[in-house]
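upload17.tsv, holding TSV, C-alpha atoms:
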chain	number	residue	atom	x	y	z
A	274	MET	CA	8.01	14.09	3.18
A	275	GLY	CA	11.48	15.49	2.78
A	276	SER	CA	12.05	14.48	-0.83
A	277	ALA	CA	8.54	15.48	-1.82
A	278	GLY	CA	9.11	19.12	-0.88
A	279	GLN	CA	5.79	20.92	-0.47
A	280	TRP	CA	3.84	17.66	-0.77
A	281	THR	CA	3.17	17.38	2.95
A	282	GLY	CA	-0.65	17.18	2.95
A	283	ARG	CA	-2.89	14.14	2.67
A	284	ARG	CA	-5.82	15.58	0.69
A	285	PHE	CA	-5.64	16.89	-2.85
A	286	THR	CA	-7.85	17.73	-5.79
A	287	VAL	CA	-6.95	16.80	-9.35
A	288	ARG	CA	-8.79	18.76	-12.04
A	289	GLN	CA	-8.72	17.87	-15.72
A	290	GLU	CA	-9.40	20.23	-18.60
A	291	ASN	CA	-9.55	19.05	-22.21
A	292	ARG	CA	-7.96	21.18	-24.90
A	293	LEU	CA	-7.66	20.69	-28.64
A	294	LYS	CA	-4.22	19.04	-28.67
A	295	ALA	CA	-3.76	18.14	-25.01
A	296	GLY	CA	-5.46	17.64	-21.67
A	297	ARG	CA	-4.29	19.68	-18.69
A	298	TYR	CA	-4.21	18.51	-15.08
A	299	THR	CA	-4.00	20.85	-12.12
A	300	VAL	CA	-3.23	19.50	-8.64
A	301	SER	CA	-4.18	21.55	-5.58
A	302	GLU	CA	-4.10	21.02	-1.86
A	303	LEU	CA	-7.55	20.47	-0.33
A	304	MET	CA	-8.02	22.49	2.84
A	305	PRO	CA	-9.76	21.14	5.99
A	306	ASP	CA	-12.82	23.33	5.30
A	307	GLY	CA	-13.16	21.85	1.79
A	308	SER	CA	-11.82	24.91	-0.01
A	309	GLN	CA	-9.13	24.80	-2.66
A	310	GLY	CA	-5.60	25.47	-1.44
A	311	GLU	CA	-2.53	26.42	-3.42
A	312	VAL	CA	-1.75	24.84	-6.76
A	313	LEU	CA	1.01	22.27	-6.29
A	314	ALA	CA	1.51	20.96	-9.83
A	315	CYS	CA	0.39	21.21	-13.46
A	316	ALA	CA	0.78	18.76	-16.33
A	317	GLU	CA	-0.27	18.36	-19.94
A	318	VAL	CA	-1.14	15.09	-21.68
A	319	LYS	CA	-0.76	15.17	-25.45
A	320	HIS	CA	-3.49	13.32	-27.32
A	321	LEU	CA	-2.61	10.39	-29.61
A	322	SER	CA	0.91	9.83	-28.28
A	323	LEU	CA	2.18	6.27	-28.75
A	324	LYS	CA	4.17	6.11	-25.52
A	325	GLU	CA	2.80	7.64	-22.37
A	326	LYS	CA	4.84	10.19	-20.44
A	327	ILE	CA	3.34	12.89	-18.26
A	328	THR	CA	5.57	15.50	-16.64
A	329	PHE	CA	4.30	17.50	-13.67
A	330	HIS	CA	5.70	20.99	-13.21
A	331	ALA	CA	5.55	23.39	-10.28
A	332	ASP	CA	3.33	25.75	-12.27
A	333	ALA	CA	1.85	26.31	-15.72
A	334	SER	CA	5.09	27.88	-17.01
A	335	GLY	CA	6.67	24.40	-17.06
A	336	THR	CA	10.09	25.60	-15.90
A	337	ARG	CA	10.57	23.31	-12.86
A	338	VAL	CA	9.90	19.56	-13.06
A	339	LEU	CA	8.43	17.93	-9.95
A	340	PHE	CA	7.84	14.35	-11.06
A	341	THR	CA	7.07	12.26	-14.13
A	342	ILE	CA	4.79	9.33	-14.98
A	343	GLU	CA	6.32	7.06	-17.61
A	344	GLU	CA	5.05	3.95	-19.33
A	345	ARG	CA	7.43	1.16	-18.36
A	346	GLY	CA	8.20	0.35	-21.98
A	347	LEU	CA	10.09	3.65	-22.19
A	348	ARG	CA	12.85	2.48	-19.82
A	349	GLY	CA	12.58	-1.30	-20.05
A	350	ALA	CA	10.27	-4.28	-20.32
A	351	GLY	CA	7.03	-4.79	-18.45
A	352	GLY	CA	3.60	-3.27	-18.32
A	353	GLY	CA	2.34	-0.48	-16.15
A	354	TYR	CA	3.75	2.91	-15.24
A	355	ASP	CA	6.49	4.26	-13.00
A	356	VAL	CA	6.69	7.59	-11.20
A	357	TRP	CA	10.10	9.32	-11.10
A	358	ASP	CA	11.09	12.36	-9.09
A	359	ALA	CA	12.92	15.38	-10.51
A	360	GLU	CA	16.31	13.76	-9.81
A	361	GLY	CA	15.38	10.56	-11.68
A	362	ASP	CA	14.80	8.44	-8.56
A	363	LEU	CA	11.91	5.99	-8.50
A	364	VAL	CA	8.95	7.11	-6.36
A	365	GLY	CA	6.79	4.06	-7.12
A	366	GLY	CA	4.57	2.60	-9.80
A	367	PHE	CA	1.21	1.11	-10.71
A	368	GLU	CA	-0.42	-1.12	-13.28
A	369	GLU	CA	-3.91	-2.20	-14.23
A	370	ARG	CA	-4.93	-5.82	-13.80
A	371	GLU	CA	-6.46	-6.34	-17.21
A	372	ILE	CA	-8.44	-9.54	-16.60
A	373	ALA	CA	-9.94	-8.33	-13.31
A	374	SER	CA	-10.70	-5.00	-14.98
A	375	LEU	CA	-13.00	-6.60	-17.54
A	376	VAL	CA	-15.76	-6.41	-14.93
A	377	ARG	CA	-14.46	-3.98	-12.32
A	378	SER	CA	-11.38	-1.82	-12.89
A	379	THR	CA	-8.52	-2.99	-10.68
A	380	TRP	CA	-5.09	-1.42	-10.19
A	381	VAL	CA	-2.02	-2.38	-8.15
A	382	LEU	CA	-0.04	0.45	-6.54
A	383	ASP	CA	3.57	-0.14	-5.45
A	384	GLU	CA	5.89	2.05	-3.40
A	385	PRO	CA	9.36	0.85	-2.40
A	386	GLY	CA	9.40	-0.27	1.23
A	387	PHE	CA	5.63	-0.76	1.47
A	388	PRO	CA	3.35	-3.69	0.63
A	389	SER	CA	1.38	-3.43	-2.62
A	390	ALA	CA	-2.07	-1.83	-2.47
A	391	VAL	CA	-4.91	-3.09	-4.66
A	392	GLY	CA	-7.44	-0.53	-5.85
A	393	ARG	CA	-10.91	-1.39	-7.18
A	394	GLU	CA	-13.96	0.55	-8.29
A	395	ARG	CA	-16.08	1.00	-5.20
A	396	ASN	CA	-19.48	0.51	-6.83
A	397	ARG	CA	-19.95	-2.71	-8.83
A	398	PHE	CA	-23.14	-1.41	-10.48
A	399	VAL	CA	-21.42	1.73	-11.78
A	400	ALA	CA	-18.51	-0.41	-13.01
A	401	VAL	CA	-20.86	-2.57	-15.09
A	402	LEU	CA	-22.81	0.48	-16.30
A	403	ARG	CA	-19.58	2.12	-17.55
A	404	ARG	CA	-18.80	-0.97	-19.61
A	405	VAL	CA	-22.29	-1.10	-21.11
A	406	TRP	CA	-22.00	2.61	-21.93
A	407	ASP	CA	-18.84	1.92	-23.96
A	408	PHE	CA	-20.81	-0.38	-26.28
A	409	LEU	CA	-23.59	2.13	-26.94
A	410	PRO	CA	-23.39	4.54	-29.93
A	411	LEU	CA	-22.93	7.55	-27.64
A	412	ASP	CA	-19.46	8.70	-28.68
A	413	LEU	CA	-20.21	12.38	-28.23
A	414	MET	CA	-21.72	11.97	-24.77
A	415	PRO	CA	-19.25	11.25	-21.93
A	416	PHE	CA	-20.08	8.98	-19.02
A	417	LEU	CA	-20.82	11.55	-16.32
A	418	TRP	CA	-21.77	9.31	-13.39
A	419	PRO	CA	-18.98	9.62	-10.79
A	420	TYR	CA	-16.93	6.55	-9.97
A	421	HIS	CA	-14.60	6.00	-7.05
A	422	PHE	CA	-11.64	3.79	-6.18
A	423	ASP	CA	-10.55	2.31	-2.85
A	424	PHE	CA	-6.98	1.03	-2.42
A	425	GLU	CA	-6.33	-1.52	0.31
A	426	THR	CA	-3.40	-3.38	1.79
A	427	GLY	CA	-4.23	-6.46	3.85
A	428	GLY	CA	-7.83	-5.34	4.23
A	429	LYS	CA	-6.82	-1.85	5.43
A	430	GLN	CA	-7.78	1.13	3.31
A	431	VAL	CA	-4.74	3.24	2.39
A	432	LEU	CA	-5.98	5.53	-0.40
A	433	LYS	CA	-9.28	6.83	-1.80
A	434	VAL	CA	-9.84	8.50	-5.15
A	435	ASP	CA	-13.31	10.00	-5.55
A	436	ARG	CA	-14.53	11.45	-8.83
A	437	LYS	CA	-16.92	14.37	-8.37
A	438	TRP	CA	-19.99	15.37	-10.37
A	439	GLY	CA	-19.46	17.76	-13.25
A	440	LEU	CA	-18.76	18.16	-16.94
A	441	ARG	CA	-15.04	18.45	-16.22
A	442	ASP	CA	-13.29	15.61	-14.44
A	443	ARG	CA	-12.38	16.41	-10.86
A	444	TYR	CA	-11.02	13.98	-8.30
A	445	VAL	CA	-10.44	14.17	-4.57
A	446	VAL	CA	-7.43	12.15	-3.42
A	447	ASP	CA	-7.34	11.06	0.24
A	448	ILE	CA	-4.19	9.47	1.65
A	449	LEU	CA	-5.27	7.44	4.68
A	450	ILE	CA	-1.93	6.20	6.04
A	451	PRO	CA	1.36	7.95	6.82
A	452	GLY	CA	4.26	7.23	4.52
A	453	LEU	CA	2.45	6.93	1.18
A	454	ASP	CA	4.10	9.42	-1.15
A	455	PRO	CA	1.54	12.07	-2.23
A	456	ARG	CA	3.11	12.30	-5.69
A	457	LEU	CA	2.47	8.60	-6.25
A	458	ALA	CA	-1.13	8.94	-5.02
A	459	VAL	CA	-1.76	11.90	-7.35
A	460	ALA	CA	-0.12	10.08	-10.27
A	461	GLN	CA	-2.42	7.10	-9.68
A	462	ALA	CA	-5.46	9.40	-9.73
A	463	VAL	CA	-4.34	10.87	-13.06
A	464	ALA	CA	-3.84	7.34	-14.41
A	465	LEU	CA	-7.42	6.44	-13.47
A	466	ASP	CA	-8.56	9.33	-15.65
A	467	THR	CA	-6.08	9.06	-18.52
A	468	PHE	CA	-4.80	5.50	-18.95
A	469	GLN	CA	-7.83	3.44	-18.00
A	470	ASP	CA	-9.54	1.45	-20.77
A	471	ARG	CA	-6.67	2.01	-23.26

Would you mind writing the structure in this file as structure tokens?
Amino acid sequence: MGSAGQWTGRRFTVRQENRLKAGRYTVSELMPDGSQGEVLACAEVKHLSLKEKITFHADASGTRVLFTIEERGLRGAGGGYDVWDAEGDLVGGFEEREIASLVRSTWVLDEPGFPSAVGRERNRFVAVLRRVWDFLPLDLMPFLWPYHFDFETGGKQVLKVDRKWGLRDRYVVDILIPGLDPRLAVAQAVALDTFQDR
């Protein structure tokens, strides 16, 4: 993708690390042999912020902006989130379908020029178990069972986001069609980790 710069691959890992005042995300290319490639982006999410805005930089120094996720209320009306490139042009957006998500988390992913993709939790049992877990008095124990999302357009799978086992959140993002902007796919994966259930 010309405008996406180095974002030419179709497989990425998104790793999350919790810190005292913020969570950090690191995005890396996933190599064909399953090994970790170069780091493509880093971002921090400040805890307890009223409006959501996550800026991804080229590295941990934070000197060069790559793209930004913003809650739509920051620039206008409407729910959901938009992804903007470094020049302020819209890459795409996504929002959670709240009613459908009561039982099984459901998101809608939009990129200009492409039909909307609907993403749902792959495993219905795990979806229900996560909701039961939220009602239990287990605040200090995170839900560790991995959950996965499949995004489809017209019955065709376009994107997969798979959470991996581990104490730290790690996701593998697979873009399954040409044309879907990798920055939008990565932003959606971060949203599944950060914005869900808020």

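Excluding Gly365 of chain A itself and same-chain residues fewer than 2 positions from it, the residues having an atom within 10 Å of it are Ile342, Tyr354, Asp355, Val356, Trp357, Asp358, Asp362, Leu363, Phe367, Leu382, Asp383, Glu384, Pro385, Gly386, Phe387, Leu453, Asp454, Arg456, Leu457, Ala458 and Ala460 of chain A, counting all atoms listed in the file.
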
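Distance check against Gln430 of chain A using only C-alpha atoms: of A:Thr341, A:Asn291, A:Ser389, A:Thr467, the minimum falls on A:Ser389.
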
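With only C-alpha atoms as the atoms that count, the residue of A:Gly296, A:Asp423, A:Gly353, A:Val445 with the shortest distance to Gln309 of chain A is A:Val445.
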
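Residues with any atom within 12 Å of Gly307 of chain A, counting all atoms listed in the file and excluding same-chain neighbours fewer than 2 positions away, are Arg284, Phe285, Thr286, Ser301, Glu302, Leu303, Met304, Pro305, Gln309, Gly310 and Val445 of chain A.
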
Polymer residues at most 7 Å from (-10.2, 9.4, 1.7) by only C-alpha atoms, as a VMD selection string: chain A and resid 432 to 434 446 to 449

Writing out the chosen residues with C-alpha atoms as a PDB file, in the frame of the given file:
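The resulting file, out_17.pdb, is reproduced below:
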ATOM      1  CA  LEU A 432      -5.980   5.530  -0.400  1.00  0.00           C
ATOM      2  CA  LYS A 433      -9.280   6.830  -1.800  1.00  0.00           C
ATOM      3  CA  VAL A 434      -9.840   8.500  -5.150  1.00  0.00           C
ATOM      4  CA  VAL A 446      -7.430  12.150  -3.420  1.00  0.00           C
ATOM      5  CA  ASP A 447      -7.340  11.060   0.240  1.00  0.00           C
ATOM      6  CA  ILE A 448      -4.190   9.470   1.650  1.00  0.00           C
ATOM      7  CA  LEU A 449      -5.270   7.440   4.680  1.00  0.00           C
TER       8      LEU A 449
END

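Picture a line from atom CA of Val459 of chain A to atom CA of Val287 of chain A; it runs 7.4 Å.
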
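If you look at atom CA of Gly335 of chain A and atom CA of Gln289 of chain A, they are 16.8 Å away from each other.
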
When you draw a straight line from atom CA of Pro388 of chain A to atom CA of Cys315 of chain A, how long is it in Å? 28.8 Å
